[in-house]
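Remarks on the structure that follows.
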Amino acid sequence: MSAYTPEVGDLVYDEEARKVGRVMDKVGPRWQLKPPGGGREWDAKGPLRPATAAERLSAGVALANARSRGEAP
């Protein structure tokens, strides 16, 4: 099996940070990820993998909850 190489815009799971993020860029060995609904970017060294359907749904629910509390646009 070949290693997964994400593309800018992909929704991935950062196994080290244990959260879902959208790939914004790659600088050197690190990937810049951003929460799906926006927010502060973070650097990920990996391993990264495509987010599962359940992880995508969970991220969407978390965003909807934050919006309902006025914490996200």
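We label chains A, B, ... in the order they appear in the structure tokens, count residues from 1 in each chain, and number ligands from 1 in the order shown.
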
Subject >> 6 Å contact set for range 35-43 of chain A, only C-alpha atoms, chain neighbours under 4 positions out, as number ranges by chain >> reply: A: 21-22, 30-31

Neighbour list for Asp25 in chain A as a PDB file with all heavy atoms, in the first residue's frame, cut-off 10 Å, only C-alpha atoms, skip fewer than 4 positions in-chain:
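Produced file out_5.pdb, reproduced below:
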ATOM      1  N   PRO A   6      -1.764  14.008   0.791  1.00  0.00           N
ATOM      2  CA  PRO A   6      -2.937  14.865   0.610  1.00  0.00           C
ATOM      3  C   PRO A   6      -2.676  16.000  -0.376  1.00  0.00           C
ATOM      4  O   PRO A   6      -1.540  16.390  -0.609  1.00  0.00           O
ATOM      5  CB  PRO A   6      -3.208  15.410   2.006  1.00  0.00           C
ATOM      6  CG  PRO A   6      -1.929  15.278   2.738  1.00  0.00           C
ATOM      7  CD  PRO A   6      -1.182  14.146   2.118  1.00  0.00           C
ATOM      8  N   GLU A   7      -3.762  16.511  -0.921  1.00  0.00           N
ATOM      9  CA  GLU A   7      -3.727  17.668  -1.814  1.00  0.00           C
ATOM     10  C   GLU A   7      -4.369  18.850  -1.096  1.00  0.00           C
ATOM     11  O   GLU A   7      -5.197  18.659  -0.194  1.00  0.00           O
ATOM     12  CB  GLU A   7      -4.527  17.365  -3.082  1.00  0.00           C
ATOM     13  CG  GLU A   7      -4.109  16.096  -3.770  1.00  0.00           C
ATOM     14  CD  GLU A   7      -3.453  16.344  -5.104  1.00  0.00           C
ATOM     15  OE1 GLU A   7      -3.614  17.460  -5.629  1.00  0.00           O
ATOM     16  OE2 GLU A   7      -2.792  15.442  -5.585  1.00  0.00           O
ATOM     17  N   VAL A   8      -4.009  20.053  -1.495  1.00  0.00           N
ATOM     18  CA  VAL A   8      -4.632  21.248  -0.929  1.00  0.00           C
ATOM     19  C   VAL A   8      -6.143  21.142  -1.126  1.00  0.00           C
ATOM     20  O   VAL A   8      -6.611  20.800  -2.213  1.00  0.00           O
ATOM     21  CB  VAL A   8      -4.065  22.526  -1.583  1.00  0.00           C
ATOM     22  CG1 VAL A   8      -4.852  23.752  -1.153  1.00  0.00           C
ATOM     23  CG2 VAL A   8      -2.592  22.687  -1.225  1.00  0.00           C
ATOM     24  N   GLY A   9      -6.891  21.372  -0.050  1.00  0.00           N
ATOM     25  CA  GLY A   9      -8.343  21.292  -0.097  1.00  0.00           C
ATOM     26  C   GLY A   9      -8.900  19.995   0.459  1.00  0.00           C
ATOM     27  O   GLY A   9     -10.081  19.917   0.780  1.00  0.00           O
ATOM     28  N   ARG A  30       6.043  19.939   6.940  1.00  0.00           N
ATOM     29  CA  ARG A  30       4.797  20.147   7.686  1.00  0.00           C
ATOM     30  C   ARG A  30       3.650  20.562   6.777  1.00  0.00           C
ATOM     31  O   ARG A  30       3.834  21.280   5.798  1.00  0.00           O
ATOM     32  CB  ARG A  30       4.994  21.226   8.744  1.00  0.00           C
ATOM     33  CG  ARG A  30       6.027  20.855   9.772  1.00  0.00           C
ATOM     34  CD  ARG A  30       6.129  21.929  10.830  1.00  0.00           C
ATOM     35  NE  ARG A  30       7.241  21.719  11.704  1.00  0.00           N
ATOM     36  CZ  ARG A  30       7.202  20.957  12.787  1.00  0.00           C
ATOM     37  NH1 ARG A  30       6.100  20.346  13.127  1.00  0.00           N
ATOM     38  NH2 ARG A  30       8.269  20.811  13.537  1.00  0.00           N
ATOM     39  N   TRP A  31       2.460  20.106   7.160  1.00  0.00           N
ATOM     40  CA  TRP A  31       1.228  20.478   6.480  1.00  0.00           C
ATOM     41  C   TRP A  31       0.519  21.528   7.308  1.00  0.00           C
ATOM     42  O   TRP A  31       0.480  21.426   8.523  1.00  0.00           O
ATOM     43  CB  TRP A  31       0.314  19.265   6.338  1.00  0.00           C
ATOM     44  CG  TRP A  31       0.891  18.189   5.483  1.00  0.00           C
ATOM     45  CD1 TRP A  31       1.637  17.121   5.901  1.00  0.00           C
ATOM     46  CD2 TRP A  31       0.798  18.079   4.071  1.00  0.00           C
ATOM     47  NE1 TRP A  31       2.012  16.359   4.838  1.00  0.00           N
ATOM     48  CE2 TRP A  31       1.506  16.922   3.696  1.00  0.00           C
ATOM     49  CE3 TRP A  31       0.185  18.849   3.090  1.00  0.00           C
ATOM     50  CZ2 TRP A  31       1.603  16.519   2.375  1.00  0.00           C
ATOM     51  CZ3 TRP A  31       0.290  18.438   1.779  1.00  0.00           C
ATOM     52  CH2 TRP A  31       0.992  17.287   1.429  1.00  0.00           C
ATOM     53  N   GLN A  32      -0.030  22.547   6.669  1.00  0.00           N
ATOM     54  CA  GLN A  32      -0.862  23.520   7.357  1.00  0.00           C
ATOM     55  C   GLN A  32      -2.303  23.072   7.195  1.00  0.00           C
ATOM     56  O   GLN A  32      -2.797  22.923   6.081  1.00  0.00           O
ATOM     57  CB  GLN A  32      -0.697  24.939   6.787  1.00  0.00           C
ATOM     58  CG  GLN A  32       0.477  25.691   7.363  1.00  0.00           C
ATOM     59  CD  GLN A  32       1.780  25.211   6.779  1.00  0.00           C
ATOM     60  OE1 GLN A  32       1.914  25.136   5.576  1.00  0.00           O
ATOM     61  NE2 GLN A  32       2.734  24.880   7.629  1.00  0.00           N
ATOM     62  N   LEU A  33      -2.964  22.849   8.350  1.00  0.00           N
ATOM     63  CA  LEU A  33      -4.355  22.407   8.358  1.00  0.00           C
ATOM     64  C   LEU A  33      -5.199  23.453   9.056  1.00  0.00           C
ATOM     65  O   LEU A  33      -4.704  24.190   9.922  1.00  0.00           O
ATOM     66  CB  LEU A  33      -4.494  21.074   9.101  1.00  0.00           C
ATOM     67  CG  LEU A  33      -3.641  19.924   8.605  1.00  0.00           C
ATOM     68  CD1 LEU A  33      -3.889  18.687   9.457  1.00  0.00           C
ATOM     69  CD2 LEU A  33      -3.914  19.628   7.152  1.00  0.00           C
ATOM     70  N   LYS A  34      -6.466  23.495   8.681  1.00  0.00           N
ATOM     71  CA  LYS A  34      -7.408  24.453   9.263  1.00  0.00           C
ATOM     72  C   LYS A  34      -8.703  23.705   9.573  1.00  0.00           C
ATOM     73  O   LYS A  34      -9.111  22.837   8.798  1.00  0.00           O
ATOM     74  CB  LYS A  34      -7.674  25.573   8.255  1.00  0.00           C
ATOM     75  CG  LYS A  34      -8.419  26.740   8.784  1.00  0.00           C
ATOM     76  CD  LYS A  34      -8.456  27.833   7.734  1.00  0.00           C
ATOM     77  CE  LYS A  34      -8.591  29.160   8.424  1.00  0.00           C
ATOM     78  NZ  LYS A  34      -8.410  30.273   7.549  1.00  0.00           N
ATOM     79  N   ASP A  43       0.044  23.337  12.404  1.00  0.00           N
ATOM     80  CA  ASP A  43       1.021  22.577  11.635  1.00  0.00           C
ATOM     81  C   ASP A  43       0.922  21.113  12.012  1.00  0.00           C
ATOM     82  O   ASP A  43       0.835  20.774  13.194  1.00  0.00           O
ATOM     83  CB  ASP A  43       2.443  23.055  11.933  1.00  0.00           C
ATOM     84  CG  ASP A  43       2.740  24.425  11.364  1.00  0.00           C
ATOM     85  OD1 ASP A  43       2.025  24.846  10.437  1.00  0.00           O
ATOM     86  OD2 ASP A  43       3.689  25.070  11.839  1.00  0.00           O
TER      87      ASP A  43
END

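In this model, the gap between CA of Pro29 in chain A and CA of Thr5 in chain A comes to 11.9 Å.
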
Subject >> strand (DSSP E) residues, from DSSP on the backbone, in chain A, as number ranges by chain >> reply: A: 11-14, 19-27, 30-34, 42-44, 48-50

Same residues, N, CA and C atoms, output as an mmCIF file, in the first residue's frame:
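Listed below is the output, result18.cif:
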data_model
loop_
_atom_site.group_PDB
_atom_site.id
_atom_site.type_symbol
_atom_site.label_atom_id
_atom_site.label_comp_id
_atom_site.auth_asym_id
_atom_site.auth_seq_id
_atom_site.Cartn_x
_atom_site.Cartn_y
_atom_site.Cartn_z
ATOM 1 N N LEU A 11 -9.896 17.056 2.987
ATOM 2 C CA LEU A 11 -10.279 16.961 4.392
ATOM 3 C C LEU A 11 -9.582 15.729 4.946
ATOM 4 N N VAL A 12 -8.712 15.940 5.927
ATOM 5 C CA VAL A 12 -7.870 14.861 6.454
ATOM 6 C C VAL A 12 -8.015 14.741 7.970
ATOM 7 N N TYR A 13 -7.558 13.621 8.479
ATOM 8 C CA TYR A 13 -7.514 13.403 9.924
ATOM 9 C C TYR A 13 -6.055 13.429 10.338
ATOM 10 N N ASP A 14 -5.727 14.333 11.263
ATOM 11 C CA ASP A 14 -4.379 14.457 11.812
ATOM 12 C C ASP A 14 -4.308 13.512 13.012
ATOM 13 N N LYS A 19 -7.602 15.333 15.250
ATOM 14 C CA LYS A 19 -8.698 16.166 14.774
ATOM 15 C C LYS A 19 -8.689 16.258 13.256
ATOM 16 N N VAL A 20 -9.841 16.651 12.725
ATOM 17 C CA VAL A 20 -10.041 16.778 11.288
ATOM 18 C C VAL A 20 -9.644 18.183 10.855
ATOM 19 N N GLY A 21 -9.002 18.289 9.704
ATOM 20 C CA GLY A 21 -8.630 19.588 9.176
ATOM 21 C C GLY A 21 -8.610 19.588 7.658
ATOM 22 N N ARG A 22 -8.723 20.769 7.093
ATOM 23 C CA ARG A 22 -8.630 20.932 5.644
ATOM 24 C C ARG A 22 -7.204 21.356 5.327
ATOM 25 N N VAL A 23 -6.599 20.698 4.332
ATOM 26 C CA VAL A 23 -5.224 21.001 3.940
ATOM 27 C C VAL A 23 -5.197 22.363 3.265
ATOM 28 N N MET A 24 -4.385 23.267 3.813
ATOM 29 C CA MET A 24 -4.262 24.611 3.254
ATOM 30 C C MET A 24 -2.966 24.773 2.451
ATOM 31 N N ASP A 25 -1.890 24.093 2.903
ATOM 32 C CA ASP A 25 -0.592 24.256 2.261
ATOM 33 C C ASP A 25 0.376 23.242 2.840
ATOM 34 N N LYS A 26 1.535 23.142 2.227
ATOM 35 C CA LYS A 26 2.627 22.330 2.764
ATOM 36 C C LYS A 26 3.883 23.179 2.706
ATOM 37 N N VAL A 27 4.561 23.270 3.845
ATOM 38 C CA VAL A 27 5.818 24.012 3.924
ATOM 39 C C VAL A 27 6.853 23.073 4.532
ATOM 40 N N ARG A 30 6.043 19.939 6.940
ATOM 41 C CA ARG A 30 4.797 20.147 7.686
ATOM 42 C C ARG A 30 3.650 20.562 6.777
ATOM 43 N N TRP A 31 2.460 20.106 7.160
ATOM 44 C CA TRP A 31 1.228 20.478 6.480
ATOM 45 C C TRP A 31 0.519 21.528 7.308
ATOM 46 N N GLN A 32 -0.030 22.547 6.669
ATOM 47 C CA GLN A 32 -0.862 23.520 7.357
ATOM 48 C C GLN A 32 -2.303 23.072 7.195
ATOM 49 N N LEU A 33 -2.964 22.849 8.350
ATOM 50 C CA LEU A 33 -4.355 22.407 8.358
ATOM 51 C C LEU A 33 -5.199 23.453 9.056
ATOM 52 N N LYS A 34 -6.466 23.495 8.681
ATOM 53 C CA LYS A 34 -7.408 24.453 9.263
ATOM 54 C C LYS A 34 -8.703 23.705 9.573
ATOM 55 N N TRP A 42 -3.128 25.005 12.096
ATOM 56 C CA TRP A 42 -2.085 24.352 12.886
ATOM 57 C C TRP A 42 -1.174 23.582 11.944
ATOM 58 N N ASP A 43 0.044 23.337 12.404
ATOM 59 C CA ASP A 43 1.021 22.577 11.635
ATOM 60 C C ASP A 43 0.922 21.113 12.012
ATOM 61 N N ALA A 44 0.939 20.261 11.018
ATOM 62 C CA ALA A 44 0.895 18.817 11.238
ATOM 63 C C ALA A 44 2.096 18.180 10.555
ATOM 64 N N LEU A 48 -1.048 11.756 8.325
ATOM 65 C CA LEU A 48 -2.361 12.226 7.899
ATOM 66 C C LEU A 48 -3.012 11.126 7.081
ATOM 67 N N ARG A 49 -4.323 11.093 7.109
ATOM 68 C CA ARG A 49 -5.083 10.160 6.289
ATOM 69 C C ARG A 49 -6.394 10.828 5.914
ATOM 70 N N PRO A 50 -7.057 10.346 4.874
ATOM 71 C CA PRO A 50 -8.356 10.931 4.526
ATOM 72 C C PRO A 50 -9.325 10.777 5.696
#

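On the backbone of this structure, DSSP gives helix (DSSP H, G or I) within chain A to A:Ala53, A:Ala54, A:Glu55, A:Arg56, A:Leu57, A:Ser58, A:Ala59, A:Gly60, A:Val61, A:Ala62, A:Leu63, A:Ala64, A:Asn65, A:Ala66, A:Arg67, A:Ser68.
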
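CA of Glu15 in chain A lies 17.1 Å from CA of Leu57 in chain A.
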
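What separates CA of Leu63 in chain A from CA of Pro47 in chain A is a distance of 23.8 Å.
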
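Distances to Thr52 in chain A were evaluated for A:Glu16, A:Gly28, A:Asp10, A:Arg67 using only C-alpha atoms, and the minimum falls at A:Asp10.
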